[in-house]
>>> print(open('upload_6.txt').read())   # compact mmCIF, C-alpha atoms and all ligand atoms
# COMPACT_ATOMS: atom_id res chain seq x y z
CA MET A 1 19.25 -13.10 40.60
CA LYS A 2 21.76 -12.80 37.77
CA THR A 3 22.30 -15.29 35.01
CA ALA A 4 24.16 -15.49 31.70
CA THR A 5 23.15 -17.47 28.65
CA ASP A 6 23.65 -17.72 24.91
CA ALA A 7 20.33 -17.27 23.16
CA LEU A 8 18.66 -16.47 19.86
CA VAL A 9 16.16 -13.59 19.69
CA ILE A 10 13.04 -15.07 18.09
CA LYS A 11 10.60 -12.22 18.69
CA GLU A 12 10.71 -8.55 19.56
CA MET A 13 7.94 -6.23 20.60
CA ARG A 14 8.20 -2.52 21.15
CA MET A 15 6.95 -1.41 24.55
CA GLY A 16 6.45 2.33 24.53
CA GLU A 17 9.19 4.72 23.48
CA ALA A 18 12.38 2.94 24.37
CA ASP A 19 11.67 -0.47 25.88
CA ARG A 20 11.37 -3.73 24.03
CA LEU A 21 10.16 -7.13 25.18
CA ILE A 22 12.24 -9.79 23.48
CA THR A 23 11.62 -13.53 23.35
CA LEU A 24 14.72 -15.71 23.60
CA LEU A 25 15.39 -19.31 22.66
CA THR A 26 17.95 -20.44 25.22
CA LYS A 27 19.93 -23.66 25.45
CA ASP A 28 19.09 -24.43 29.07
CA SER A 29 15.70 -22.90 29.81
CA GLY A 30 13.87 -23.12 26.50
CA ILE A 31 11.92 -19.98 25.72
CA ILE A 32 12.08 -16.95 28.02
CA LYS A 33 10.97 -13.34 27.70
CA ALA A 34 13.13 -10.43 28.78
CA TYR A 35 12.87 -6.68 28.80
CA ALA A 36 15.57 -4.77 26.95
CA SER A 37 15.41 -1.27 28.35
CA GLY A 38 16.53 2.02 26.93
CA ALA A 39 17.10 0.67 23.44
CA LYS A 40 17.36 4.23 22.18
CA ASN A 41 20.09 5.18 24.59
CA ILE A 42 22.31 2.13 24.60
CA LYS A 43 25.13 1.68 22.16
CA SER A 44 24.39 0.18 18.79
CA LYS A 45 26.42 -2.88 19.74
CA ARG A 46 23.91 -3.94 22.33
CA GLY A 47 21.04 -2.76 20.16
CA SER A 48 21.90 -5.21 17.40
CA ALA A 49 22.67 -7.92 19.94
CA THR A 50 19.06 -7.82 21.15
CA GLY A 51 17.43 -7.50 17.70
CA LEU A 52 15.41 -10.18 15.94
CA LEU A 53 17.51 -13.12 14.70
CA SER A 54 20.55 -12.12 16.77
CA TYR A 55 22.40 -14.93 18.51
CA SER A 56 24.06 -13.29 21.50
CA ASN A 57 25.45 -13.79 24.95
CA PHE A 58 22.98 -12.29 27.39
CA SER A 59 23.46 -11.23 30.98
CA LEU A 60 20.06 -11.23 32.60
CA SER A 61 18.73 -10.19 35.96
CA LYS A 62 15.61 -11.90 37.26
CA LYS A 63 13.08 -10.44 39.62
CA GLY A 64 10.05 -12.61 40.22
CA ASP A 65 9.07 -13.90 36.80
CA THR A 66 10.57 -10.95 34.95
CA TYR A 67 13.90 -11.06 33.16
CA ARG A 68 15.78 -7.92 32.21
CA VAL A 69 18.75 -7.69 29.84
CA THR A 70 21.68 -6.07 31.60
CA GLU A 71 24.32 -6.85 28.98
CA ALA A 72 24.31 -8.37 25.51
CA THR A 73 27.20 -9.25 23.22
CA PRO A 74 26.49 -10.45 19.70
CA ILE A 75 27.89 -13.82 18.64
CA LYS A 76 26.27 -14.10 15.21
CA LEU A 77 23.67 -11.84 13.60
CA PHE A 78 21.46 -13.62 11.09
CA PHE A 79 19.46 -10.55 10.11
CA GLY A 80 22.14 -9.47 7.69
CA THR A 81 22.58 -7.59 4.45
CA ASN A 82 22.76 -11.00 2.85
CA SER A 83 19.06 -11.49 3.49
CA ASP A 84 16.77 -11.29 0.51
CA ILE A 85 13.04 -11.25 1.20
CA GLU A 86 12.63 -15.02 0.81
CA THR A 87 15.50 -15.76 3.21
CA LEU A 88 14.02 -13.30 5.68
CA ALA A 89 10.56 -14.85 5.38
CA ILE A 90 11.91 -18.37 6.01
CA SER A 91 14.04 -17.11 8.94
CA GLN A 92 10.98 -15.54 10.54
CA TYR A 93 9.04 -18.75 9.95
CA PHE A 94 11.76 -20.63 11.88
CA CYS A 95 11.18 -18.21 14.76
CA GLU A 96 7.44 -18.85 14.67
CA LEU A 97 8.11 -22.60 14.66
CA CYS A 98 10.05 -22.11 17.93
CA LEU A 99 7.16 -20.16 19.44
CA VAL A 100 4.60 -22.77 18.42
CA PHE A 101 6.59 -25.88 19.41
CA GLU A 102 7.81 -24.27 22.65
CA PRO A 103 10.95 -26.30 23.36
CA ASN A 104 11.37 -27.17 27.04
CA ASP A 105 14.36 -27.87 29.28
CA GLU A 106 14.75 -31.30 27.76
CA ASN A 107 14.88 -30.55 24.04
CA ALA A 108 15.86 -26.86 24.02
CA GLU A 109 19.56 -27.53 23.38
CA GLU A 110 18.83 -29.71 20.33
CA PHE A 111 16.22 -27.22 19.18
CA LEU A 112 18.59 -24.25 19.40
CA ARG A 113 21.38 -26.14 17.63
CA LEU A 114 18.97 -27.04 14.82
CA ILE A 115 17.66 -23.50 14.36
CA LEU A 116 21.17 -21.96 14.46
CA ASN A 117 22.50 -24.40 11.87
CA SER A 118 19.48 -23.90 9.62
CA LEU A 119 19.82 -20.11 9.83
CA TYR A 120 23.51 -20.44 9.01
CA PHE A 121 22.93 -22.59 5.90
CA LEU A 122 20.02 -20.39 4.88
CA THR A 123 21.76 -17.01 5.18
CA GLU A 124 25.04 -18.28 3.73
CA LYS A 125 23.03 -19.67 0.83
CA LYS A 126 24.98 -22.91 0.98
CA LYS A 127 21.95 -25.01 0.15
CA ASN A 128 18.54 -24.77 -1.48
CA ALA A 129 16.39 -22.66 0.87
CA PHE A 130 13.43 -25.01 0.58
CA LEU A 131 15.58 -28.00 1.44
CA ILE A 132 16.70 -26.15 4.61
CA LYS A 133 13.06 -25.35 5.36
CA ALA A 134 12.06 -29.02 4.95
CA ILE A 135 14.96 -30.24 7.12
CA THR A 136 14.01 -27.78 9.85
CA GLU A 137 10.29 -28.56 9.79
CA LEU A 138 10.58 -32.33 9.84
CA ARG A 139 13.44 -32.45 12.36
CA ILE A 140 11.55 -30.10 14.71
CA ALA A 141 8.56 -32.45 14.46
CA ALA A 142 10.83 -35.41 15.22
CA ILE A 143 12.34 -33.85 18.36
CA SER A 144 9.06 -32.40 19.63
CA GLY A 145 6.91 -35.49 19.93
CA TYR A 146 5.44 -35.36 16.41
CA CYS A 147 7.83 -37.86 14.85
CA PRO A 148 6.35 -39.57 11.79
CA SER A 149 6.86 -43.31 11.40
CA LEU A 150 8.95 -43.66 8.25
CA VAL A 151 10.78 -46.95 8.71
CA ALA A 152 8.43 -49.15 6.72
CA CYS A 153 4.90 -49.61 5.40
CA GLY A 154 2.60 -49.39 8.41
CA GLU A 155 0.51 -52.27 7.08
CA CYS A 156 2.85 -54.96 5.76
CA GLY A 157 6.32 -53.80 6.86
CA THR A 158 7.75 -53.34 3.35
CA PHE A 159 10.79 -51.06 3.48
CA GLU A 160 11.19 -50.11 -0.16
CA ASP A 161 8.83 -49.49 -3.01
CA ASP A 162 9.19 -47.36 -6.14
CA ILE A 163 6.52 -45.13 -4.65
CA MET A 164 5.64 -45.00 -0.96
CA TYR A 165 2.65 -43.05 0.37
CA PHE A 166 2.67 -40.68 3.33
CA ASN A 167 -0.34 -39.93 5.49
CA ILE A 168 0.00 -36.50 7.13
CA VAL A 169 -2.82 -37.17 9.61
CA ASN A 170 -1.04 -39.95 11.51
CA GLY A 171 2.47 -39.63 10.08
CA ALA A 172 2.33 -43.16 8.66
CA LEU A 173 3.80 -44.69 5.53
CA PHE A 174 2.23 -47.18 3.11
CA CYS A 175 3.59 -49.19 0.19
CA SER A 176 1.76 -49.09 -3.16
CA LYS A 177 0.01 -52.44 -2.42
CA CYS A 178 -1.34 -51.32 0.95
CA ASN A 179 -2.14 -47.71 0.13
CA GLU A 180 -5.90 -47.23 0.13
CA ASP A 181 -6.28 -43.54 0.95
CA THR A 182 -6.20 -41.38 -2.18
CA SER A 183 -5.30 -38.32 -0.11
CA ASN A 184 -1.98 -39.91 0.93
CA ILE A 185 1.02 -38.17 -0.62
CA PRO A 186 3.13 -40.19 -3.11
CA LEU A 187 6.87 -40.18 -2.38
CA ASN A 188 9.44 -41.17 -4.99
CA LYS A 189 12.69 -42.70 -3.74
CA THR A 190 14.46 -39.33 -3.55
CA LEU A 191 11.73 -37.86 -1.34
CA MET A 192 11.46 -41.01 0.76
CA ASN A 193 15.21 -41.18 1.38
CA ALA A 194 15.33 -37.45 2.18
CA MET A 195 12.54 -37.70 4.76
CA ARG A 196 14.11 -40.75 6.40
CA HIS A 197 17.46 -38.98 6.52
CA ILE A 198 15.96 -35.90 8.16
CA VAL A 199 14.13 -37.90 10.82
CA TYR A 200 16.67 -40.63 11.61
CA SER A 201 20.18 -39.29 10.85
CA GLN A 202 22.59 -38.20 13.55
CA PHE A 203 22.69 -34.44 13.92
CA LYS A 204 26.22 -34.16 12.52
CA ASP A 205 25.00 -35.70 9.24
CA LEU A 206 21.65 -33.92 9.13
CA TYR A 207 22.52 -31.35 6.45
CA SER A 208 24.88 -33.50 4.39
CA PHE A 209 22.65 -34.64 1.60
CA LEU A 210 21.34 -33.08 -1.58
CA VAL A 211 18.17 -33.38 -3.60
CA PRO A 212 17.42 -31.80 -7.00
CA ASP A 213 15.84 -28.32 -6.70
CA GLY A 214 12.49 -29.56 -8.01
CA ASP A 215 12.33 -32.26 -5.34
CA ALA A 216 13.39 -29.77 -2.64
CA LYS A 217 10.29 -27.68 -3.34
CA ILE A 218 8.02 -30.75 -3.32
CA LEU A 219 9.64 -31.97 -0.10
CA SER A 220 9.14 -28.55 1.49
CA ASP A 221 5.46 -28.56 0.54
CA ILE A 222 5.02 -32.02 2.13
CA THR A 223 6.80 -31.17 5.40
CA GLU A 224 4.89 -27.88 5.59
CA LYS A 225 1.55 -29.71 5.19
CA TYR A 226 2.58 -32.11 7.94
CA ILE A 227 3.57 -29.28 10.32
CA VAL A 228 0.42 -27.26 9.65
CA PHE A 229 -1.85 -30.27 10.10
CA GLN A 230 -0.11 -31.57 13.22
CA THR A 231 -0.03 -28.19 14.99
CA ASP A 232 -3.39 -26.94 13.68
CA HIS A 233 -1.76 -23.50 13.74
CA LYS A 234 -2.14 -20.69 11.22
CA PHE A 235 1.44 -19.51 10.69
CA THR A 236 1.44 -15.81 9.79
CA THR A 237 5.04 -16.08 8.58
CA LEU A 238 4.04 -18.85 6.14
CA LYS A 239 1.45 -16.58 4.65
CA PHE A 240 4.17 -13.95 4.25
CA LEU A 241 6.51 -16.52 2.66
CA ASN A 242 3.84 -17.70 0.23
CA ASP A 243 3.07 -14.09 -0.68
CA VAL A 244 6.68 -13.21 -1.47
CA ARG A 245 7.73 -16.31 -3.38
ZN ZN A 301 2.46 -52.50 2.59
>>> encode(input="upload_6.txt", output="structure tokens")
Amino acid sequence: MKTATDALVIKEMRMGEADRLITLLTKDSGIIKAYASGAKNIKSKRGSATGLLSYSNFSLSKKGDTYRVTEATPIKLFFGTNSDIETLAISQYFCELCLVFEPNDENAEEFLRLILNSLYFLTEKKKNAFLIKAITELRIAAISGYCPSLVACGECGTFEDDIMYFNIVNGALFCSKCNEDTSNIPLNKTLMNAMRHIVYSQFKDLYSFLVPDGDAKILSDITEKYIVFQTDHKFTTLKFLNDVR
């Protein structure tokens, strides 16, 4: 059976001399694995089209459960010369997020759109890298069944307070009067508004807000804690990121 799809390469593994097994994030089928044969012999055009962080149009043939790449044309390559080590580390972390959250038929399209936009803003350096990381982490959580409840204080329903408190264990919010757990994370209004925007905004508005660089780093630490706790996964790419920054 033959099929064509646009997909992002989120993992590659060498298989012997010339073959590679690549993992693709597709719009329609979520994550699939496909063999890219003869990487040594095929033209460089297809070689880069099947490399890590390439967004390409793939022609695939399917036999049983095995996909094979028959043709690949690059649409956008994110593994560019523009990539410093921090950008690369965050890009690879985005790929690991895809592998861990395993988008399915239902949310794969939204997932792919999110990752592609985040990679674009990240590699074009249009925004603070840690703000892009925070947006990606929290929005992935929101579309994958790990959506925190950020509308109001979970106890009394207060919407606004100078400081709100976030519990990463159950994704709940508390106002300063109701907060009893000292391990809850304090959020100033900038952080609170940013988190609400990331979770509740329409996709077209998702990236159109700014926070000061200092707050972007704090925000990124909070969303990372939430992701790591909720998934109970040791991200190897996060270790890499924390080593290089
Ligand atoms: Zn309250």
>>> closest_residue(input="upload_6.txt", among="A:Thr136, A:Asn179, A:Ser48, A:Ser56", to="ligand ZN 301 (chain A)", atoms="only C-alpha atoms and all ligand atoms")
A:Asn179
>>> closest_residue(input="upload_6.txt", among="A:Ala216, A:His233, A:Thr158, A:Met195", to="ligand ZN 301 (chain A)", atoms="all atoms listed in the file")
A:Thr158
>>> residues_around(input="upload_6.txt", residues="Leu138 (chain A)", least_positions_apart="6", cutoff="8 Å", atoms="only C-alpha atoms", output="list in words")
Cys147, Met195, Ile198, Val199, Thr223 and Ile227 of chain A
>>> closest_residue(input="upload_6.txt", among="A:Leu206, A:Cys156, A:Val244, A:Leu238", to="ligand ZN 301 (chain A)", atoms="only C-alpha atoms and all ligand atoms")
A:Cys156
>>> residues_near_ligand(input="upload_6.txt", ligand="ligand ZN 301 (chain A)", cutoff="10 Å", atoms="only C-alpha atoms and all ligand atoms", output="ChimeraX atom specification")
/A:152-161,164-165,173-179
>>> atom_distance(input="upload_6.txt", atom1="CA of Leu116 (chain A)", atom2="CA of Phe78 (chain A)")
9.0 Å
>>> residues_around(input="upload_6.txt", residues="region 107-114 of chain A", least_positions_apart="3", cutoff="8 Å", atoms="only C-alpha atoms", output="list of chain:residue names")
A:Leu8, A:Leu25, A:Thr26, A:Lys27, A:Asp28, A:Ser29, A:Gly30, A:Pro103, A:Asn104, A:Asn117, A:Ser118, A:Thr136, A:Ile140, A:Ile143, A:Ser144
>>> residues_around(input="upload_6.txt", residues="region 234-236 of chain A", least_positions_apart="6", cutoff="12 Å", atoms="all atoms listed in the file", output="list of chain:residue names")
A:Ala89, A:Ile90, A:Gln92, A:Tyr93, A:Phe94, A:Cys95, A:Glu96, A:Leu97, A:Cys98, A:Leu99, A:Val100, A:Phe101, A:Glu224, A:Lys225, A:Ile227, A:Val228, A:Asn242, A:Asp243
>>> residues_around(input="upload_6.txt", residues="Ala72 (chain A)", least_positions_apart="4", cutoff="7 Å", atoms="all atoms listed in the file", output="list in words")
Arg46, Ala49, Thr50, Ser56, Asn57, Phe58 and Ser59 of chain A
>>> closest_residue(input="upload_6.txt", among="A:Ile163, A:Val9, A:Ile31, A:Leu219", to="Leu77 (chain A)", atoms="all atoms listed in the file")
A:Val9
>>> closest_residue(input="upload_6.txt", among="A:Asn170, A:Ser208, A:Ser149, A:Ser83", to="Met192 (chain A)", atoms="only C-alpha atoms")
A:Ser149
